[in-house]
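Novice: Contents of model.pdb (PDB, C-alpha atoms) are below:
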ATOM      1  CA  MET A   1      21.703 122.287 135.994
ATOM      2  CA  ILE A   2      18.791 121.238 133.803
ATOM      3  CA  ILE A   3      18.990 118.964 130.768
ATOM      4  CA  THR A   4      17.331 121.007 128.033
ATOM      5  CA  ARG A   5      17.938 118.881 124.919
ATOM      6  CA  ILE A   6      19.158 115.463 123.825
ATOM      7  CA  ASP A   7      19.716 115.318 120.060
ATOM      8  CA  GLN A   8      20.979 112.557 117.818
ATOM      9  CA  GLN A   9      24.271 113.609 116.204
ATOM     10  CA  LYS A  10      24.344 113.979 112.426
ATOM     11  CA  ARG A  11      27.890 112.692 111.852
ATOM     12  CA  ASP A  12      27.553 109.685 114.167
ATOM     13  CA  LYS A  13      24.013 108.383 114.512
ATOM     14  CA  SER A  14      25.023 106.153 117.429
ATOM     15  CA  ARG A  15      25.817 109.202 119.609
ATOM     16  CA  TYR A  16      23.614 111.864 121.145
ATOM     17  CA  SER A  17      24.419 115.449 122.145
ATOM     18  CA  VAL A  18      23.302 116.406 125.630
ATOM     19  CA  TYR A  19      22.566 120.074 126.344
ATOM     20  CA  ILE A  20      22.500 121.507 129.843
ATOM     21  CA  ASP A  21      20.911 124.902 130.459
ATOM     22  CA  GLY A  22      20.774 125.450 126.712
ATOM     23  CA  GLU A  23      24.494 124.766 126.138
ATOM     24  CA  PHE A  24      26.152 121.678 124.659
ATOM     25  CA  ALA A  25      27.637 119.615 127.492
ATOM     26  CA  PHE A  26      28.764 116.258 126.067
ATOM     27  CA  GLY A  27      28.002 113.437 123.659
ATOM     28  CA  LEU A  28      27.053 109.914 124.736
ATOM     29  CA  ILE A  29      25.762 106.702 123.217
ATOM     30  CA  MET A  30      22.146 105.880 124.071
ATOM     31  CA  GLU A  31      23.189 103.090 126.432
ATOM     32  CA  ASP A  32      25.075 105.616 128.580
ATOM     33  CA  ILE A  33      22.187 108.076 128.495
ATOM     34  CA  MET A  34      19.892 105.348 129.779
ATOM     35  CA  TYR A  35      22.469 104.145 132.328
ATOM     36  CA  PHE A  36      22.873 107.624 133.813
ATOM     37  CA  LYS A  37      19.093 108.215 133.584
ATOM     38  CA  LEU A  38      19.423 111.463 131.673
ATOM     39  CA  ARG A  39      16.069 112.955 130.663
ATOM     40  CA  VAL A  40      15.100 116.276 129.117
ATOM     41  CA  GLY A  41      13.646 118.657 131.679
ATOM     42  CA  GLU A  42      15.260 116.960 134.641
ATOM     43  CA  GLU A  43      18.075 118.251 136.795
ATOM     44  CA  ILE A  44      21.502 116.633 136.672
ATOM     45  CA  PRO A  45      23.397 116.793 139.981
ATOM     46  CA  GLU A  46      26.870 118.320 139.907
ATOM     47  CA  GLU A  47      28.364 115.041 141.155
ATOM     48  CA  LYS A  48      26.852 113.052 138.278
ATOM     49  CA  TYR A  49      27.853 115.692 135.734
ATOM     50  CA  ARG A  50      31.456 115.678 136.941
ATOM     51  CA  TYR A  51      31.594 111.880 136.973
ATOM     52  CA  ILE A  52      30.339 111.688 133.379
ATOM     53  CA  MET A  53      32.782 114.350 132.212
ATOM     54  CA  ASP A  54      35.793 112.883 134.029
ATOM     55  CA  THR A  55      35.218 109.268 133.059
ATOM     56  CA  THR A  56      32.916 108.333 130.175
ATOM     57  CA  VAL A  57      33.326 111.499 128.101
ATOM     58  CA  TYR A  58      37.033 112.007 128.755
ATOM     59  CA  ILE A  59      37.923 108.375 128.062
ATOM     60  CA  LYS A  60      36.034 108.466 124.752
ATOM     61  CA  ALA A  61      37.750 111.717 123.713
ATOM     62  CA  GLN A  62      41.162 110.382 124.694
ATOM     63  CA  ASP A  63      40.560 107.179 122.735
ATOM     64  CA  THR A  64      39.449 109.173 119.676
ATOM     65  CA  ALA A  65      42.607 111.308 119.819
ATOM     66  CA  ILE A  66      44.983 108.365 120.251
ATOM     67  CA  LYS A  67      43.427 106.484 117.346
ATOM     68  CA  TYR A  68      43.627 109.629 115.191
ATOM     69  CA  ILE A  69      47.346 110.156 115.817
ATOM     70  CA  GLY A  70      47.984 106.422 115.490
ATOM     71  CA  TYR A  71      47.766 106.611 111.698
ATOM     72  CA  LYS A  72      50.363 109.378 111.318
ATOM     73  CA  MET A  73      51.787 112.407 113.108
ATOM     74  CA  ARG A  74      49.316 115.235 113.732
ATOM     75  CA  THR A  75      49.637 118.829 114.841
ATOM     76  CA  ALA A  76      47.966 120.114 117.995
ATOM     77  CA  LYS A  77      45.416 122.014 115.889
ATOM     78  CA  GLU A  78      44.552 118.938 113.836
ATOM     79  CA  VAL A  79      43.864 116.968 117.034
ATOM     80  CA  ARG A  80      41.768 119.811 118.468
ATOM     81  CA  ASP A  81      39.751 119.945 115.251
ATOM     82  CA  LYS A  82      39.229 116.188 115.418
ATOM     83  CA  LEU A  83      37.837 116.582 118.953
ATOM     84  CA  SER A  84      35.561 119.501 118.003
ATOM     85  CA  GLU A  85      32.425 117.662 119.156
ATOM     86  CA  TYR A  86      33.679 117.763 122.747
ATOM     87  CA  SER A  87      33.617 120.702 125.143
ATOM     88  CA  GLU A  88      36.697 122.907 125.520
ATOM     89  CA  GLU A  89      37.117 121.541 129.033
ATOM     90  CA  VAL A  90      37.444 117.975 127.768
ATOM     91  CA  ILE A  91      39.604 118.947 124.780
ATOM     92  CA  ASP A  92      42.031 120.842 127.023
ATOM     93  CA  LYS A  93      42.292 117.865 129.357
ATOM     94  CA  VAL A  94      43.004 115.468 126.479
ATOM     95  CA  MET A  95      45.568 117.849 124.968
ATOM     96  CA  ASP A  96      47.351 118.132 128.314
ATOM     97  CA  PHE A  97      47.592 114.347 128.438
ATOM     98  CA  LEU A  98      48.874 114.064 124.853
ATOM     99  CA  GLU A  99      51.497 116.770 125.351
ATOM    100  CA  LYS A 100      52.629 115.356 128.683
ATOM    101  CA  TYR A 101      53.360 111.962 127.150
ATOM    102  CA  GLU A 102      54.655 113.477 123.892
ATOM    103  CA  TYR A 103      51.966 112.026 121.659
ATOM    104  CA  ILE A 104      51.907 115.423 119.937
ATOM    105  CA  ASP A 105      54.844 117.739 119.409
ATOM    106  CA  ASP A 106      54.542 120.540 116.847
ATOM    107  CA  GLU A 107      58.297 121.135 116.781
ATOM    108  CA  LEU A 108      58.995 117.491 115.944
ATOM    109  CA  TYR A 109      56.126 117.521 113.449
ATOM    110  CA  CYS A 110      57.747 120.454 111.611
ATOM    111  CA  GLU A 111      61.121 118.739 111.551
ATOM    112  CA  LYS A 112      59.736 115.483 110.134
ATOM    113  CA  TYR A 113      57.424 117.246 107.671
ATOM    114  CA  ILE A 114      60.289 119.287 106.234
ATOM    115  CA  GLU A 115      62.593 116.250 105.999
ATOM    116  CA  GLU A 116      59.948 114.231 104.153
ATOM    117  CA  THR A 117      59.051 117.107 101.835
ATOM    118  CA  VAL A 118      62.670 117.734 100.846
ATOM    119  CA  ARG A 119      63.208 114.005 100.234
ATOM    120  CA  LEU A 120      60.014 113.154  98.359
ATOM    121  CA  LYS A 121      58.574 116.332  96.855
ATOM    122  CA  PRO A 122      60.950 119.315  96.916
ATOM    123  CA  LYS A 123      59.382 122.752  97.229
ATOM    124  CA  GLY A 124      60.441 126.166  98.410
ATOM    125  CA  LYS A 125      60.471 127.398 101.979
ATOM    126  CA  LEU A 126      57.614 129.823 101.305
ATOM    127  CA  LEU A 127      55.257 126.998 100.318
ATOM    128  CA  ILE A 128      56.440 124.752 103.153
ATOM    129  CA  LYS A 129      55.750 127.563 105.618
ATOM    130  CA  GLN A 130      52.301 128.108 104.115
ATOM    131  CA  GLU A 131      51.437 124.412 104.404
ATOM    132  CA  LEU A 132      52.610 124.201 108.018
ATOM    133  CA  LYS A 133      50.666 127.346 108.956
ATOM    134  CA  ALA A 134      47.553 125.753 107.448
ATOM    135  CA  ARG A 135      48.061 122.908 109.919
ATOM    136  CA  GLY A 136      47.942 125.391 112.777
ATOM    137  CA  ILE A 137      51.601 125.586 113.710
ATOM    138  CA  ASP A 138      52.934 128.858 115.153
ATOM    139  CA  ASP A 139      55.171 131.021 112.977
ATOM    140  CA  ASP A 140      58.025 130.904 115.499
ATOM    141  CA  ILE A 141      58.096 127.097 115.462
ATOM    142  CA  ILE A 142      58.011 127.004 111.657
ATOM    143  CA  SER A 143      60.742 129.605 111.273
ATOM    144  CA  LYS A 144      63.021 127.793 113.719
ATOM    145  CA  ALA A 145      62.497 124.459 111.954
ATOM    146  CA  LEU A 146      63.175 125.960 108.523
ATOM    147  CA  ASP A 147      66.303 127.742 109.766
ATOM    148  CA  GLU A 148      67.676 124.487 111.148
ATOM    149  CA  ALA A 149      66.699 122.356 108.141
ATOM    150  CA  ASP A 150      69.219 121.383 105.476
ATOM    151  CA  ILE A 151      67.508 122.852 102.401
ATOM    152  CA  ASP A 152      69.415 123.967  99.308
ATOM    153  CA  GLU A 153      66.614 125.828  97.554
ATOM    154  CA  GLN A 154      68.706 126.863  94.551
ATOM    155  CA  ALA A 155      69.846 123.301  93.880
ATOM    156  CA  GLN A 156      66.255 122.082  94.188
ATOM    157  CA  ALA A 157      65.031 124.779  91.811
ATOM    158  CA  GLU A 158      67.695 123.923  89.243
ATOM    159  CA  VAL A 159      66.720 120.252  89.276
ATOM    160  CA  LEU A 160      63.046 121.117  88.821
ATOM    161  CA  LEU A 161      63.838 123.461  85.949
ATOM    162  CA  MET A 162      66.084 120.983  84.127
ATOM    163  CA  LYS A 163      63.250 118.444  84.201
ATOM    164  CA  ARG A 164      60.820 120.902  82.687
ATOM    165  CA  TYR A 165      62.679 123.387  80.468
ATOM    166  CA  GLU A 166      65.627 123.598  78.071
ATOM    167  CA  ASP A 167      67.981 126.285  76.730
ATOM    168  CA  PHE A 168      67.921 128.762  79.596
ATOM    169  CA  ALA A 169      70.557 130.973  77.981
ATOM    170  CA  ASN A 170      68.272 131.862  75.076
ATOM    171  CA  MET A 171      64.885 132.232  76.741
ATOM    172  CA  ASP A 172      62.765 135.238  75.812
ATOM    173  CA  GLN A 173      60.790 137.264  78.367
ATOM    174  CA  LYS A 174      57.600 135.257  77.866
ATOM    175  CA  GLU A 175      59.400 131.971  78.515
ATOM    176  CA  LEU A 176      61.183 133.410  81.547
ATOM    177  CA  ALA A 177      57.859 134.591  82.958
ATOM    178  CA  ARG A 178      56.593 131.017  82.757
ATOM    179  CA  VAL A 179      59.702 129.791  84.543
ATOM    180  CA  TYR A 180      59.297 132.328  87.342
ATOM    181  CA  GLY A 181      55.609 131.513  87.648
ATOM    182  CA  TYR A 182      56.269 127.785  87.814
ATOM    183  CA  LEU A 183      58.869 128.041  90.581
ATOM    184  CA  GLY A 184      56.890 130.740  92.355
ATOM    185  CA  ARG A 185      53.978 128.342  92.686
ATOM    186  CA  LYS A 186      56.432 125.807  94.102
ATOM    187  CA  GLY A 187      57.225 128.225  96.921
ATOM    188  CA  TYR A 188      60.573 129.597  95.807
ATOM    189  CA  SER A 189      61.398 133.269  96.311
ATOM    190  CA  TYR A 190      62.274 135.641  93.479
ATOM    191  CA  GLY A 191      65.931 135.667  94.552
ATOM    192  CA  VAL A 192      66.207 131.885  94.532
ATOM    193  CA  ILE A 193      64.535 131.638  91.114
ATOM    194  CA  LYS A 194      66.786 134.310  89.624
ATOM    195  CA  ALA A 195      69.895 132.586  90.956
ATOM    196  CA  ALA A 196      68.775 129.202  89.625
ATOM    197  CA  VAL A 197      67.978 130.521  86.151
ATOM    198  CA  SER A 198      71.259 132.459  85.970
ATOM    199  CA  SER A 199      73.240 129.431  87.095
ATOM    200  CA  LEU A 200      71.726 127.175  84.438
ATOM    201  CA  ALA A 201      72.232 129.794  81.749
ATOM    202  CA  GLU A 202      75.884 130.179  82.708
ATOM    203  CA  LYS A 203      76.333 126.404  82.542
ATOM    204  CA  GLY A 204      74.920 126.496  79.020
ATOM    205  CA  ILE A 205      72.094 124.137  79.893
TER     206      ILE A 205
END
Output the file's structure in the form of structure tokens.
Specialist:
Amino acid sequence: MIITRIDQQKRDKSRYSVYIDGEFAFGLIMEDIMYFKLRVGEEIPEEKYRYIMDTTVYIKAQDTAIKYIGYKMRTAKEVRDKLSEYSEEVIDKVMDFLEKYEYIDDELYCEKYIEETVRLKPKGKLLIKQELKARGIDDDIISKALDEADIDEQAQAEVLLMKRYEDFANMDQKELARVYGYLGRKGYSYGVIKAAVSSLAEKGI
């Protein structure tokens, strides 16, 4: 294994990317590069490579991940993205550690995300699902969490409509189109919107 490049990183000027045989291997601060006597064009023994990967690099990646999830809950994909500067080998090892000790749990993340959304900023299941998918959570996990969640979409939709519109019984087609568009953007299905509008009209609101 030959060290082919050592480049200063753009995002963190204190760290340097080390390439072995033309491929990115790991990132280190200059003090570590000097300590391990890493020089371009020279061979790095397998024993030294493994030691660096299993100690210095892994510990730094683990520390980065723990600090990242310390601010708030994160999905597995968000943590992987945060560790993108590391090799897949190191990322997998860190993820195994985090999952083993339950630092990350996509099922729990879904549950808490849905609870908070319903409490603070109600929106339809379609939009919630879209937002969770964007965070890298599997469809099966999302669907299970939504099925188990206590969400009354029609009641939510009615509250949102009462805050924004009046006289549902006498709306013309243009006004109804705006209503459907508004709730559609909030993630409510056509059936839920229709039921909410009909309910408010029947109540004479």
Novice: For atom CA of Val90 of chain A and atom CA of Thr64 of chain A, quote the distance in Å rounded to one decimal.
Specialist: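 That distance, rounded to one decimal, is 12.1 Å.
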Novice: Evaluate the PyMOL selection byres ((chain A and resi 131) around 12) and record the selected residues as a ChimeraX atom specification, following the chain and residue labels used in the document.
Specialist: /A:75,110,113-114,117,123-130,132-139,142,186-187
Novice: Output the residue selection produced by the PyMOL selection byres ((chain A and resi 152) around 10) on the file above, formatted as a list in words.
Specialist: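 Applied to this file, the PyMOL selection byres ((chain A and resi 152) around 10) selects Val118, Pro122, Gly124, Lys125, Ala149, Asp150, Ile151, Glu153, Gln154, Ala155, Gln156, Ala157 and Val192 of chain A.
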Novice: Determine, counting all atoms listed in the file, which protein, DNA and RNA residues have an atom within 12 Å of an atom of Ile44 of chain A; residues of the same chain fewer than 2 positions away are not included. Present the result as a list in words.
Specialist: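 Surrounding residues, per the criterion: Met1, Ile2, Ile3, Thr4, Val18, Tyr19, Ile20, Asp21, Ala25, Ile33, Phe36, Lys37, Leu38, Arg39, Val40, Gly41, Glu42, Glu46, Glu47, Lys48, Tyr49, Arg50, Tyr51 and Ile52 of chain A.
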Novice: To one decimal place in Å, what is the distance between atom CA of Ile104 of chain A and atom CA of Arg74 of chain A?
Specialist: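 Those two atoms sit 6.7 Å apart.
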Novice: Take the PyMOL selection byres ((chain A and resi 111) around 10), run it mentally on this structure, and tell me the resulting residues as a list in words.
Specialist: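 For this structure, the PyMOL selection byres ((chain A and resi 111) around 10) resolves to Asp106, Glu107, Leu108, Tyr109, Cys110, Lys112, Tyr113, Ile114, Glu115, Glu116, Ile141, Ile142, Lys144, Ala145, Leu146, Glu148 and Ala149 of chain A.
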Novice: Name the closest residue to Tyr103 of chain A among the candidates A:Gln62, A:Ser87, A:Ser143, A:Ser198; distances are taken between atoms, counting all atoms listed in the file.
Specialist: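 Selected residue with least distance to Tyr103 of chain A: A:Gln62.
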Novice: Have a look at atom CA of Tyr35 of chain A and atom CA of Thr56 of chain A and let me know their distance in Å, one decimal.
Specialist: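 Computing the Euclidean distance for atom CA of Tyr35 of chain A and atom CA of Thr56 of chain A yields 11.5 Å.
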Novice: I want to know what sits within 8 Å of segment 158-166 of chain A, based on all atoms listed in the file, with residues of the same chain fewer than 4 positions away left out; could you give that as a list in words?
Specialist: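 Using all atoms listed in the file, the neighbours found are Gln154, Val179, Ala196, Val197, Leu200 and Ile205 of chain A.
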Novice: Which residue out of A:Leu183, A:Met53, A:Met34, A:Leu98 has the minimum interatomic distance to Tyr68 of chain A when only C-alpha atoms are used?
Specialist: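 Selected residue with least distance to Tyr68 of chain A: A:Leu98.
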